[in-house]
>>> print(open('entry_2.pdb').read())   # PDB, C-alpha atoms
ATOM      1  CA  MET A   1      32.648 -86.195 -27.148
ATOM      2  CA  ILE A   2      30.339 -83.337 -26.273
ATOM      3  CA  LYS A   3      28.601 -83.247 -22.904
ATOM      4  CA  ILE A   4      24.842 -82.789 -22.776
ATOM      5  CA  GLY A   5      22.928 -81.682 -19.708
ATOM      6  CA  SER A   6      19.366 -81.274 -18.504
ATOM      7  CA  PRO A   7      18.104 -78.323 -16.494
ATOM      8  CA  LEU A   8      15.836 -78.887 -13.503
ATOM      9  CA  PHE A   9      13.556 -75.946 -14.248
ATOM     10  CA  ILE A  10      11.215 -78.059 -16.354
ATOM     11  CA  LEU A  11      11.202 -80.641 -13.534
ATOM     12  CA  ARG A  12      10.864 -78.204 -10.640
ATOM     13  CA  ASP A  13       7.559 -79.667  -9.402
ATOM     14  CA  GLU A  14       8.936 -83.196  -9.522
ATOM     15  CA  CYS A  15      12.099 -82.052  -7.717
ATOM     16  CA  SER A  16      10.007 -80.606  -4.889
ATOM     17  CA  LYS A  17       8.448 -84.047  -4.423
ATOM     18  CA  ASP A  18      11.531 -86.258  -4.883
ATOM     19  CA  LEU A  19      14.788 -84.739  -6.112
ATOM     20  CA  MET A  20      16.675 -88.007  -5.784
ATOM     21  CA  LEU A  21      14.237 -89.796  -8.081
ATOM     22  CA  VAL A  22      14.623 -87.010 -10.652
ATOM     23  CA  ILE A  23      18.398 -87.450 -10.559
ATOM     24  CA  GLU A  24      17.951 -91.193 -11.120
ATOM     25  CA  ARG A  25      15.585 -90.680 -14.058
ATOM     26  CA  LEU A  26      17.854 -88.166 -15.818
ATOM     27  CA  ALA A  27      20.822 -90.499 -15.440
ATOM     28  CA  GLU A  28      18.776 -93.397 -16.840
ATOM     29  CA  ILE A  29      17.776 -91.319 -19.881
ATOM     30  CA  GLY A  30      21.465 -90.766 -20.580
ATOM     31  CA  PHE A  31      22.250 -87.168 -19.665
ATOM     32  CA  ASP A  32      25.833 -86.444 -18.690
ATOM     33  CA  GLY A  33      25.001 -83.682 -16.233
ATOM     34  CA  ILE A  34      22.300 -81.760 -14.390
ATOM     35  CA  GLU A  35      21.889 -78.018 -14.045
ATOM     36  CA  PHE A  36      20.341 -77.402 -10.653
ATOM     37  CA  LEU A  37      17.672 -74.946  -9.525
ATOM     38  CA  GLY A  38      18.490 -74.941  -5.834
ATOM     39  CA  LEU A  39      18.943 -77.938  -3.573
ATOM     40  CA  PHE A  40      15.252 -78.557  -2.753
ATOM     41  CA  GLY A  41      15.888 -78.998   0.970
ATOM     42  CA  HIS A  42      18.637 -81.594   0.634
ATOM     43  CA  THR A  43      22.172 -81.363   1.978
ATOM     44  CA  PRO A  44      25.021 -80.958  -0.509
ATOM     45  CA  ALA A  45      26.554 -84.183   0.811
ATOM     46  CA  ASP A  46      23.408 -86.217   0.119
ATOM     47  CA  ILE A  47      23.061 -84.746  -3.371
ATOM     48  CA  ARG A  48      26.709 -85.457  -4.184
ATOM     49  CA  LYS A  49      26.333 -89.027  -2.971
ATOM     50  CA  LYS A  50      23.297 -89.545  -5.191
ATOM     51  CA  LEU A  51      24.963 -87.990  -8.228
ATOM     52  CA  ASP A  52      28.031 -90.194  -7.804
ATOM     53  CA  SER A  53      25.950 -93.340  -7.393
ATOM     54  CA  CYS A  54      24.037 -92.538 -10.601
ATOM     55  CA  GLY A  55      27.121 -91.621 -12.632
ATOM     56  CA  ILE A  56      25.929 -88.116 -13.443
ATOM     57  CA  VAL A  57      27.464 -84.768 -12.483
ATOM     58  CA  ALA A  58      26.304 -81.380 -11.272
ATOM     59  CA  ILE A  59      27.029 -78.826 -13.984
ATOM     60  CA  GLY A  60      26.000 -75.787 -11.986
ATOM     61  CA  ASP A  61      23.165 -74.111 -10.153
ATOM     62  CA  HIS A  62      20.986 -71.031 -10.695
ATOM     63  CA  VAL A  63      21.026 -68.796  -7.619
ATOM     64  CA  PRO A  64      18.778 -65.745  -7.044
ATOM     65  CA  PHE A  65      20.740 -62.492  -7.109
ATOM     66  CA  ILE A  66      19.965 -61.338  -3.559
ATOM     67  CA  ASP A  67      20.476 -64.801  -2.047
ATOM     68  CA  PHE A  68      23.867 -65.000  -3.716
ATOM     69  CA  ILE A  69      24.883 -61.547  -2.480
ATOM     70  CA  ASN A  70      23.724 -62.191   1.081
ATOM     71  CA  ASN A  71      25.098 -65.726   1.407
ATOM     72  CA  THR A  72      28.074 -65.737  -0.949
ATOM     73  CA  ASP A  73      30.380 -68.037   1.021
ATOM     74  CA  LYS A  74      27.715 -70.656   1.743
ATOM     75  CA  VAL A  75      26.340 -70.620  -1.796
ATOM     76  CA  ILE A  76      29.819 -71.252  -3.171
ATOM     77  CA  ALA A  77      30.757 -73.880  -0.570
ATOM     78  CA  ASP A  78      27.533 -75.858  -1.059
ATOM     79  CA  ARG A  79      27.828 -75.848  -4.855
ATOM     80  CA  LYS A  80      31.446 -76.857  -4.705
ATOM     81  CA  GLU A  81      30.515 -79.773  -2.455
ATOM     82  CA  ILE A  82      27.997 -81.163  -4.952
ATOM     83  CA  GLY A  83      30.607 -80.828  -7.700
ATOM     84  CA  CYS A  84      29.474 -77.784  -9.669
ATOM     85  CA  SER A  85      31.886 -76.180 -12.094
ATOM     86  CA  TYR A  86      29.562 -73.225 -12.634
ATOM     87  CA  ILE A  87      27.205 -70.998 -10.667
ATOM     88  CA  THR A  88      24.661 -68.900 -12.529
ATOM     89  CA  VAL A  89      23.574 -65.632 -10.986
ATOM     90  CA  SER A  90      19.979 -64.674 -11.711
ATOM     91  CA  PRO A  91      19.161 -61.140 -12.929
ATOM     92  CA  PRO A  92      18.871 -58.418 -10.260
ATOM     93  CA  SER A  93      15.711 -56.431  -9.626
ATOM     94  CA  ALA A  94      14.555 -54.091 -12.392
ATOM     95  CA  GLU A  95      16.356 -51.056 -10.952
ATOM     96  CA  GLY A  96      19.625 -52.963 -11.031
ATOM     97  CA  MET A  97      19.574 -53.560 -14.788
ATOM     98  CA  PRO A  98      21.445 -51.474 -17.411
ATOM     99  CA  GLY A  99      20.112 -47.945 -17.754
ATOM    100  CA  GLU A 100      18.494 -48.026 -14.315
ATOM    101  CA  SER A 101      19.392 -46.297 -11.060
ATOM    102  CA  LYS A 102      21.197 -49.169  -9.345
ATOM    103  CA  TYR A 103      23.065 -50.618 -12.300
ATOM    104  CA  SER A 104      26.461 -49.502 -10.992
ATOM    105  CA  GLU A 105      25.714 -51.368  -7.764
ATOM    106  CA  THR A 106      24.882 -54.477  -9.781
ATOM    107  CA  LEU A 107      28.211 -54.275 -11.611
ATOM    108  CA  ASP A 108      30.157 -53.964  -8.365
ATOM    109  CA  ALA A 109      28.264 -56.875  -6.822
ATOM    110  CA  VAL A 110      28.695 -59.184  -9.812
ATOM    111  CA  LYS A 111      32.403 -58.419 -10.019
ATOM    112  CA  LYS A 112      32.795 -59.412  -6.363
ATOM    113  CA  LEU A 113      30.808 -62.585  -6.950
ATOM    114  CA  GLY A 114      32.923 -63.438  -9.972
ATOM    115  CA  ALA A 115      36.147 -63.035  -8.006
ATOM    116  CA  ALA A 116      34.808 -65.166  -5.139
ATOM    117  CA  VAL A 117      33.612 -67.909  -7.484
ATOM    118  CA  ASN A 118      36.949 -67.876  -9.318
ATOM    119  CA  SER A 119      38.806 -68.262  -6.011
ATOM    120  CA  ALA A 120      36.821 -71.454  -5.386
ATOM    121  CA  GLY A 121      37.839 -72.866  -8.780
ATOM    122  CA  MET A 122      34.471 -72.347 -10.435
ATOM    123  CA  THR A 123      33.065 -69.962 -13.052
ATOM    124  CA  LEU A 124      30.291 -67.402 -12.662
ATOM    125  CA  LEU A 125      27.659 -67.344 -15.431
ATOM    126  CA  TYR A 126      24.847 -65.041 -16.516
ATOM    127  CA  HIS A 127      21.823 -66.655 -18.185
ATOM    128  CA  ASN A 128      19.686 -64.420 -20.391
ATOM    129  CA  HIS A 129      15.960 -64.404 -20.989
ATOM    130  CA  ALA A 130      14.022 -62.644 -23.751
ATOM    131  CA  GLU A 131      13.770 -59.371 -21.807
ATOM    132  CA  GLU A 132      17.477 -58.590 -22.194
ATOM    133  CA  LEU A 133      17.050 -58.576 -25.985
ATOM    134  CA  ARG A 134      13.864 -56.554 -26.391
ATOM    135  CA  SER A 135      15.254 -53.062 -25.815
ATOM    136  CA  THR A 136      18.454 -51.184 -26.580
ATOM    137  CA  ILE A 137      20.451 -48.469 -24.857
ATOM    138  CA  ASN A 138      22.853 -46.566 -27.102
ATOM    139  CA  ASP A 139      22.385 -49.177 -29.839
ATOM    140  CA  LYS A 140      23.257 -52.092 -27.564
ATOM    141  CA  THR A 141      20.874 -54.576 -25.996
ATOM    142  CA  VAL A 142      20.687 -55.008 -22.253
ATOM    143  CA  LEU A 143      22.468 -58.345 -22.625
ATOM    144  CA  GLU A 144      25.350 -56.697 -24.461
ATOM    145  CA  HIS A 145      25.689 -54.045 -21.782
ATOM    146  CA  ILE A 146      25.877 -56.669 -19.042
ATOM    147  CA  ALA A 147      28.443 -58.718 -20.967
ATOM    148  CA  ASP A 148      30.543 -55.771 -22.123
ATOM    149  CA  ASP A 149      30.588 -53.951 -18.778
ATOM    150  CA  ILE A 150      32.093 -56.844 -16.806
ATOM    151  CA  ASP A 151      35.523 -58.379 -17.358
ATOM    152  CA  PRO A 152      35.203 -61.786 -19.082
ATOM    153  CA  ASP A 153      37.493 -63.218 -16.408
ATOM    154  CA  LEU A 154      34.817 -62.421 -13.824
ATOM    155  CA  LEU A 155      31.660 -63.292 -15.755
ATOM    156  CA  SER A 156      31.042 -65.832 -18.486
ATOM    157  CA  LEU A 157      27.799 -66.223 -20.405
ATOM    158  CA  GLU A 158      25.242 -68.978 -20.477
ATOM    159  CA  LEU A 159      23.524 -67.928 -23.676
ATOM    160  CA  ASP A 160      19.969 -69.177 -24.028
ATOM    161  CA  LEU A 161      19.555 -69.289 -27.784
ATOM    162  CA  GLY A 162      15.802 -69.768 -27.739
ATOM    163  CA  TRP A 163      15.178 -66.774 -25.488
ATOM    164  CA  ILE A 164      17.463 -64.673 -27.682
ATOM    165  CA  LYS A 165      15.349 -65.553 -30.726
ATOM    166  CA  ILE A 166      12.067 -65.037 -28.860
ATOM    167  CA  GLY A 167      13.421 -61.661 -27.748
ATOM    168  CA  GLY A 168      13.730 -60.637 -31.385
ATOM    169  CA  ALA A 169      17.500 -61.003 -31.822
ATOM    170  CA  ASP A 170      19.801 -63.324 -33.750
ATOM    171  CA  PRO A 171      21.333 -66.141 -31.656
ATOM    172  CA  ALA A 172      24.142 -66.577 -34.195
ATOM    173  CA  TYR A 173      25.226 -62.960 -33.691
ATOM    174  CA  TYR A 174      25.559 -63.434 -29.942
ATOM    175  CA  LEU A 175      27.362 -66.735 -30.263
ATOM    176  CA  ARG A 176      29.891 -65.160 -32.600
ATOM    177  CA  LYS A 177      30.263 -61.952 -30.605
ATOM    178  CA  TYR A 178      30.878 -63.782 -27.349
ATOM    179  CA  LYS A 179      32.711 -66.818 -28.663
ATOM    180  CA  ASP A 180      35.128 -68.347 -26.169
ATOM    181  CA  ARG A 181      33.040 -66.843 -23.362
ATOM    182  CA  CYS A 182      30.205 -69.390 -23.492
ATOM    183  CA  PRO A 183      31.170 -72.568 -21.619
ATOM    184  CA  VAL A 184      27.494 -73.495 -21.226
ATOM    185  CA  VAL A 185      24.901 -72.976 -23.984
ATOM    186  CA  HIS A 186      21.143 -73.538 -23.746
ATOM    187  CA  PHE A 187      19.376 -74.880 -26.832
ATOM    188  CA  LYS A 188      15.764 -73.893 -26.135
ATOM    189  CA  ASP A 189      13.379 -74.769 -28.983
ATOM    190  CA  TYR A 190       9.886 -73.437 -29.584
ATOM    191  CA  SER A 191       7.146 -72.997 -32.167
ATOM    192  CA  PRO A 192       4.784 -70.055 -32.863
ATOM    193  CA  ALA A 193       1.381 -70.304 -31.217
ATOM    194  CA  ASN A 194      -1.851 -68.335 -30.920
ATOM    195  CA  ASN A 195      -1.557 -67.855 -27.174
ATOM    196  CA  LYS A 196      -0.656 -64.953 -24.889
ATOM    197  CA  GLU A 197       3.061 -65.630 -25.191
ATOM    198  CA  GLY A 198       2.988 -66.146 -28.951
ATOM    199  CA  PHE A 199       4.920 -69.428 -28.733
ATOM    200  CA  ILE A 200       5.018 -72.853 -27.129
ATOM    201  CA  PHE A 201       8.128 -74.729 -26.029
ATOM    202  CA  ARG A 202       9.191 -77.831 -27.906
ATOM    203  CA  PRO A 203      11.820 -80.515 -27.302
ATOM    204  CA  THR A 204      15.134 -79.528 -28.836
ATOM    205  CA  GLY A 205      15.058 -80.213 -32.548
ATOM    206  CA  TYR A 206      11.272 -80.149 -32.799
ATOM    207  CA  GLY A 207      10.729 -76.405 -33.105
ATOM    208  CA  MET A 208      11.939 -73.533 -35.254
ATOM    209  CA  LEU A 209      15.396 -72.899 -33.743
ATOM    210  CA  ARG A 210      18.180 -73.436 -36.289
ATOM    211  CA  ASN A 211      19.889 -75.986 -34.067
ATOM    212  CA  ALA A 212      22.298 -77.407 -36.633
ATOM    213  CA  VAL A 213      23.484 -73.975 -37.754
ATOM    214  CA  LEU A 214      23.973 -72.768 -34.188
ATOM    215  CA  TYR A 215      25.730 -75.950 -33.086
ATOM    216  CA  ASN A 216      28.105 -75.690 -36.027
ATOM    217  CA  ILE A 217      28.970 -72.127 -35.012
ATOM    218  CA  THR A 218      30.067 -73.350 -31.577
ATOM    219  CA  LEU A 219      32.355 -75.922 -33.171
ATOM    220  CA  GLY A 220      34.345 -73.071 -34.693
ATOM    221  CA  PHE A 221      35.196 -71.591 -31.314
ATOM    222  CA  ALA A 222      38.798 -71.815 -30.190
ATOM    223  CA  LYS A 223      37.352 -72.610 -26.756
ATOM    224  CA  LYS A 224      34.311 -74.767 -27.429
ATOM    225  CA  PRO A 225      31.405 -74.956 -24.950
ATOM    226  CA  GLU A 226      31.854 -77.580 -22.285
ATOM    227  CA  TRP A 227      28.122 -78.189 -21.913
ATOM    228  CA  TYR A 228      25.080 -78.118 -24.185
ATOM    229  CA  ILE A 229      21.833 -77.869 -22.220
ATOM    230  CA  MET A 230      18.566 -79.241 -23.633
ATOM    231  CA  ASP A 231      16.175 -76.627 -22.309
ATOM    232  CA  HIS A 232      12.428 -76.296 -22.848
ATOM    233  CA  ASP A 233      10.643 -74.795 -19.879
ATOM    234  CA  CYS A 234       7.358 -76.638 -20.165
ATOM    235  CA  ALA A 235       6.130 -79.971 -21.573
ATOM    236  CA  TYR A 236       2.447 -78.970 -21.254
ATOM    237  CA  ASN A 237       0.408 -82.187 -21.229
ATOM    238  CA  ARG A 238       3.234 -84.353 -22.504
ATOM    239  CA  ASP A 239       5.494 -86.522 -20.356
ATOM    240  CA  ILE A 240       8.475 -84.396 -19.300
ATOM    241  CA  TYR A 241      10.978 -87.233 -19.283
ATOM    242  CA  SER A 242       9.882 -88.357 -22.747
ATOM    243  CA  ASP A 243      10.380 -84.816 -24.026
ATOM    244  CA  LEU A 244      13.837 -84.617 -22.484
ATOM    245  CA  ALA A 245      14.713 -87.985 -24.019
ATOM    246  CA  LEU A 246      13.658 -86.656 -27.446
ATOM    247  CA  SER A 247      15.894 -83.620 -26.964
ATOM    248  CA  LEU A 248      18.858 -85.740 -25.950
ATOM    249  CA  GLU A 249      18.394 -88.160 -28.846
ATOM    250  CA  PHE A 250      18.141 -85.313 -31.355
ATOM    251  CA  PHE A 251      21.237 -83.539 -30.128
ATOM    252  CA  LYS A 252      23.327 -86.701 -29.916
ATOM    253  CA  ASN A 253      22.391 -87.525 -33.505
ATOM    254  CA  LEU A 254      23.182 -83.974 -34.572
ATOM    255  CA  ALA A 255      26.611 -84.169 -32.953
ATOM    256  CA  ASN A 256      27.329 -87.600 -34.419
ATOM    257  CA  ILE A 257      26.352 -86.555 -37.929
ATOM    258  CA  THR A 258      28.365 -83.350 -37.722
ATOM    259  CA  SER A 259      31.450 -85.196 -36.473
ATOM    260  CA  CYS A 260      31.340 -87.368 -39.594
ATOM    261  CA  ASP A 261      31.215 -84.456 -42.051
TER
END
>>> encode(input="entry_2.pdb", output="structure tokens")
Amino acid sequence: MIKIGSPLFILRDECSKDLMLVIERLAEIGFDGIEFLGLFGHTPADIRKKLDSCGIVAIGDHVPFIDFINNTDKVIADRKEIGCSYITVSPPSAEGMPGESKYSETLDAVKKLGAAVNSAGMTLLYHNHAEELRSTINDKTVLEHIADDIDPDLLSLELDLGWIKIGGADPAYYLRKYKDRCPVVHFKDYSPANNKEGFIFRPTGYGMLRNAVLYNITLGFAKKPEWYIMDHDCAYNRDIYSDLALSLEFFKNLANITSCD
């Protein structure tokens, strides 16, 4: 059985009001796990208690780069207490990215974070956005530089397939290139739109992402992803929980159909 998770980014406003209620609602919908976006003022012990009572687990948490660097031991200890298997480090400031003046410092810092996270029995992840795909340096995208310049034992990838496509690249290429290094994969769906961004987010399965093709690619990995995250950053005027339920239903059906082929 595959494991399907929900991120809290789309629910960040609701989490600020009542994180515990959000945890309850996601468990009721049927998600197996939650990907956190900070602890919203709660103690790790209280969050772990709520997760256990609802029968849902903490997949990981997204931590800002500087916060992680400055508070490494506490960040790791708190996430371990709530049960995370993964911690995602957010991108550094612009000057810390590939091709910029402080990139070597970023590499050194991420390597240290990866070693510290490994020592705690967890895995460090990097989650891409569209920006890492929109430019190249020596014929490689920024995302490829980050991935290729750090030992896979110290940094795994949390590929966001929708952002890769929005960034103008091919999600299938990145899945294949970094197979067995993607324990968590984000299926972010979207449709073209006549707005400033040029797109609007959709529940997984209701946009233009080739979900079935991409899911089938992951099934060919020797080390298959542990988690599939149903990720659309905004529900606009629709009910967020209803959208997340649509995503979960679609992906469960996709997995069930594929398993019968």
>>> atom_distance(input="entry_2.pdb", atom1="CA of Thr218 in chain A", atom2="CA of Thr88 in chain A")
20.3 Å
>>> closest_residue(input="entry_2.pdb", among="A:Cys15, A:Thr72, A:Thr204, A:Pro152", to="Ala109 in chain A", atoms="only C-alpha atoms")
A:Thr72
>>> residues_around(input="entry_2.pdb", residues="Gly60 in chain A", least_positions_apart="5", cutoff="10 Å", atoms="only C-alpha atoms", output="number ranges by chain")
A: 7, 33-38, 79-80, 82-88, 122-125, 184
>>> write_last_selection(input="entry_2.pdb", atoms="C-alpha atoms", output="short mmCIF file (atom, residue, chain, number, x, y, z; two decimals), keeping the file's coordinate frame")
data_model
loop_
_atom_site.label_atom_id
_atom_site.label_comp_id
_atom_site.auth_asym_id
_atom_site.auth_seq_id
_atom_site.Cartn_x
_atom_site.Cartn_y
_atom_site.Cartn_z
CA PRO A 7 18.10 -78.32 -16.49
CA GLY A 33 25.00 -83.68 -16.23
CA ILE A 34 22.30 -81.76 -14.39
CA GLU A 35 21.89 -78.02 -14.04
CA PHE A 36 20.34 -77.40 -10.65
CA LEU A 37 17.67 -74.95 -9.52
CA GLY A 38 18.49 -74.94 -5.83
CA ARG A 79 27.83 -75.85 -4.86
CA LYS A 80 31.45 -76.86 -4.70
CA ILE A 82 28.00 -81.16 -4.95
CA GLY A 83 30.61 -80.83 -7.70
CA CYS A 84 29.47 -77.78 -9.67
CA SER A 85 31.89 -76.18 -12.09
CA TYR A 86 29.56 -73.22 -12.63
CA ILE A 87 27.20 -71.00 -10.67
CA THR A 88 24.66 -68.90 -12.53
CA MET A 122 34.47 -72.35 -10.44
CA THR A 123 33.06 -69.96 -13.05
CA LEU A 124 30.29 -67.40 -12.66
CA LEU A 125 27.66 -67.34 -15.43
CA VAL A 184 27.49 -73.50 -21.23
#
>>> resolve_selection(input="entry_2.pdb", expression="the PyMOL selection byres ((chain A and resi 196-203) around 12)", output="PyMOL selection string")
chain A and resi 6+10+130+162-163+165-167+187-195+204-209+211+229-251
>>> residues_around(input="entry_2.pdb", residues="Lys177 in chain A", least_positions_apart="2", cutoff="12 Å", atoms="all atoms listed in the file", output="list of chain:residue names")
A:Leu143, A:Glu144, A:Ala147, A:Asp148, A:Leu157, A:Leu159, A:Asp170, A:Pro171, A:Ala172, A:Tyr173, A:Tyr174, A:Leu175, A:Lys179, A:Asp180, A:Arg181, A:Cys182, A:Ile217, A:Thr218, A:Phe221
>>> atom_distance(input="entry_2.pdb", atom1="CA of Glu105 in chain A", atom2="CA of Ile69 in chain A")
11.5 Å
>>> residues_around(input="entry_2.pdb", residues="Asp67 in chain A", least_positions_apart="4", cutoff="10 Å", atoms="only C-alpha atoms", output="number ranges by chain")
A: 63, 71-72, 75, 89-90
>>> closest_residue(input="entry_2.pdb", among="A:Lys111, A:Val213, A:Thr43, A:Ser16", to="Ser156 in chain A", atoms="all atoms listed in the file")
A:Lys111
>>> closest_residue(input="entry_2.pdb", among="A:Ala222, A:Pro183, A:Asn216, A:Asp153", to="Ser259 in chain A", atoms="only C-alpha atoms")
A:Asn216
>>> resolve_selection(input="entry_2.pdb", expression="the PyMOL selection byres ((chain A and resi 91) around 12)", output="JSON, numbers by chain")
{"A": [62, 63, 64, 65, 66, 67, 68, 69, 88, 89, 90, 92, 93, 94, 95, 96, 97, 98, 103, 106, 107, 109, 110, 125, 126, 127, 128, 129, 131, 132, 142, 143, 146]}
>>> atom_distance(input="entry_2.pdb", atom1="CA of Lys50 in chain A", atom2="CA of Gly121 in chain A")
22.4 Å
>>> closest_residue(input="entry_2.pdb", among="A:Asn138, A:Val22, A:Leu155, A:Cys54", to="Phe9 in chain A", atoms="all atoms listed in the file")
A:Val22
>>> closest_residue(input="entry_2.pdb", among="A:Glu81, A:Lys74, A:Gly41, A:Ile4", to="Ile56 in chain A", atoms="only C-alpha atoms")
A:Ile4
>>> decode(input="entry_2.pdb", residues="range 97-109 of chain A", atoms="N, CA and C atoms", output="mmCIF file, in the first residue's frame")
data_model
loop_
_atom_site.group_PDB
_atom_site.id
_atom_site.type_symbol
_atom_site.label_atom_id
_atom_site.label_comp_id
_atom_site.auth_asym_id
_atom_site.auth_seq_id
_atom_site.Cartn_x
_atom_site.Cartn_y
_atom_site.Cartn_z
ATOM 1 N N MET A 97 22.474 30.640 -3.637
ATOM 2 C CA MET A 97 22.075 29.663 -4.647
ATOM 3 C C MET A 97 23.213 29.415 -5.640
ATOM 4 N N PRO A 98 23.131 28.335 -6.428
ATOM 5 C CA PRO A 98 24.186 28.036 -7.409
ATOM 6 C C PRO A 98 24.492 29.222 -8.317
ATOM 7 N N GLY A 99 25.798 29.435 -8.546
ATOM 8 C CA GLY A 99 26.238 30.526 -9.394
ATOM 9 C C GLY A 99 26.390 31.843 -8.674
ATOM 10 N N GLU A 100 25.996 31.891 -7.397
ATOM 11 C CA GLU A 100 26.069 33.139 -6.639
ATOM 12 C C GLU A 100 27.218 33.104 -5.635
ATOM 13 N N SER A 101 27.463 34.239 -5.002
ATOM 14 C CA SER A 101 28.690 34.431 -4.220
ATOM 15 C C SER A 101 28.800 33.534 -2.991
ATOM 16 N N LYS A 102 27.681 33.151 -2.408
ATOM 17 C CA LYS A 102 27.735 32.379 -1.166
ATOM 18 C C LYS A 102 27.307 30.923 -1.354
ATOM 19 N N TYR A 103 27.361 30.457 -2.586
ATOM 20 C CA TYR A 103 26.912 29.082 -2.832
ATOM 21 C C TYR A 103 27.777 28.060 -2.103
ATOM 22 N N SER A 104 29.083 28.277 -2.058
ATOM 23 C CA SER A 104 29.954 27.323 -1.370
ATOM 24 C C SER A 104 29.609 27.242 0.114
ATOM 25 N N GLU A 105 29.193 28.374 0.691
ATOM 26 C CA GLU A 105 28.768 28.368 2.088
ATOM 27 C C GLU A 105 27.485 27.562 2.258
ATOM 28 N N THR A 106 26.576 27.690 1.294
ATOM 29 C CA THR A 106 25.347 26.902 1.332
ATOM 30 C C THR A 106 25.657 25.409 1.318
ATOM 31 N N LEU A 107 26.551 24.997 0.426
ATOM 32 C CA LEU A 107 26.906 23.578 0.336
ATOM 33 C C LEU A 107 27.456 23.069 1.658
ATOM 34 N N ASP A 108 28.358 23.813 2.249
ATOM 35 C CA ASP A 108 28.948 23.396 3.533
ATOM 36 C C ASP A 108 27.873 23.288 4.610
ATOM 37 N N ALA A 109 26.960 24.263 4.630
ATOM 38 C CA ALA A 109 25.914 24.261 5.651
ATOM 39 C C ALA A 109 24.955 23.093 5.476
#
